[in-house]
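Everything below concerns the one structure shown next.
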Amino acid sequence: MAKVRITKQFNFETGHALYGYDGKCKNVHGHSYKLNVTVIGSPIQDASNVKNGMVIDFGDLKKIVNEEIVDIWDHATILNKNTPHIEIAEELQKRGHMVILSDYQPTSENMVIDFAHKIENKLPKGIELHSVRLSETDTSFAEWFASDNL
């Protein structure tokens, strides 16, 4: 049966700082992220199925990505948990701000790996994650491809 790739795009705003970095990104700043999630599978070929002809309902993919990423990351600040800015993170949390303390440097590269694993773990049987692309600006992005990670 033919395989088809479908892609859904998501947008969210997140602040971060790169601990130990030697440029401007060591300072807390934010991005308007664009996240493209591409899955691959065979379209359902069952006329009695309400999702006939679909690889996955875009709404189902949206639910997965929103629950695992967008709803958590949108308008949050992510910092490496080893940052000396931990006092800032704690103060923001005390004041009701959403702060994510990660085990990794919050670069687009590390974030796209994290997102790919979260999405992969929630996809229904028969649907494979093909790629994830995270753009932090219109001209800068990181990509994760399943074929590169076998």
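Going by the structure tokens order, chains are called A, B, ..., each with residues numbered from 1, while ligands are numbered from 1 in the order shown.
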- Message: To test your reading of the structure, identify every residue in chain A that backbone DSSP assigns to helix (DSSP H, G or I), and report it as a PyMOL selection string.
- Response: chain A and resi 24-26+58-73+86-94+108-120+146-149
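Residues lying within 6 Å of Tyr33 of chain A, counting only C-alpha atoms and ignoring same-chain neighbours fewer than 5 positions away, are Asn11, Phe12, Glu13, Ser135 and Glu136 of chain A.
Shortest separation to Thr7 of chain A among A:Glu91, A:Asp138, A:Asp57, A:Glu68 occurs at residue A:Asp57, atoms counted being only C-alpha atoms.
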- Point-to-point distance in Å for atom CA of Leu79 of chain A and atom CA of Asp103 of chain A: 8.9 Å
- Message: What does the structure give for the distance between atom CA of Ala142 of chain A and atom CA of His117 of chain A, in Å to one decimal?
- Response: 14.8 Å
- Nearest to Ser102 of chain A by atom-to-atom distance, counting only C-alpha atoms, from A:Val37, A:Ile78, A:Met54, A:Ala2: A:Ile78
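Nearest to Ile40 of chain A of all the residues A:Gly126, A:Gly20, A:Pro106, A:Gly96 is A:Gly126, counting only C-alpha atoms.
Minimum atom-to-atom distances from A:Val4, A:Leu129, A:Ala47, A:Ala76 to Gly30 of chain A were compared using only C-alpha atoms, and the lowest value belongs to A:Ala76.
Closest to Asn149 of chain A among A:Pro124, A:Ile119, A:Cys25, A:Ile113 is A:Ile113, based on only C-alpha atoms.
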- Contacts of Ile100 of chain A within 12 Å, only C-alpha atoms, excl. fewer than 5 positions in-chain, as a PyMOL selection string: chain A and resi 14-17+69+72-81+86+89-90+92-93+105-106+111
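Computed from the coordinates, the atom CA of Pro84 of chain A to atom CA of Tyr19 of chain A distance equals 7.8 Å.
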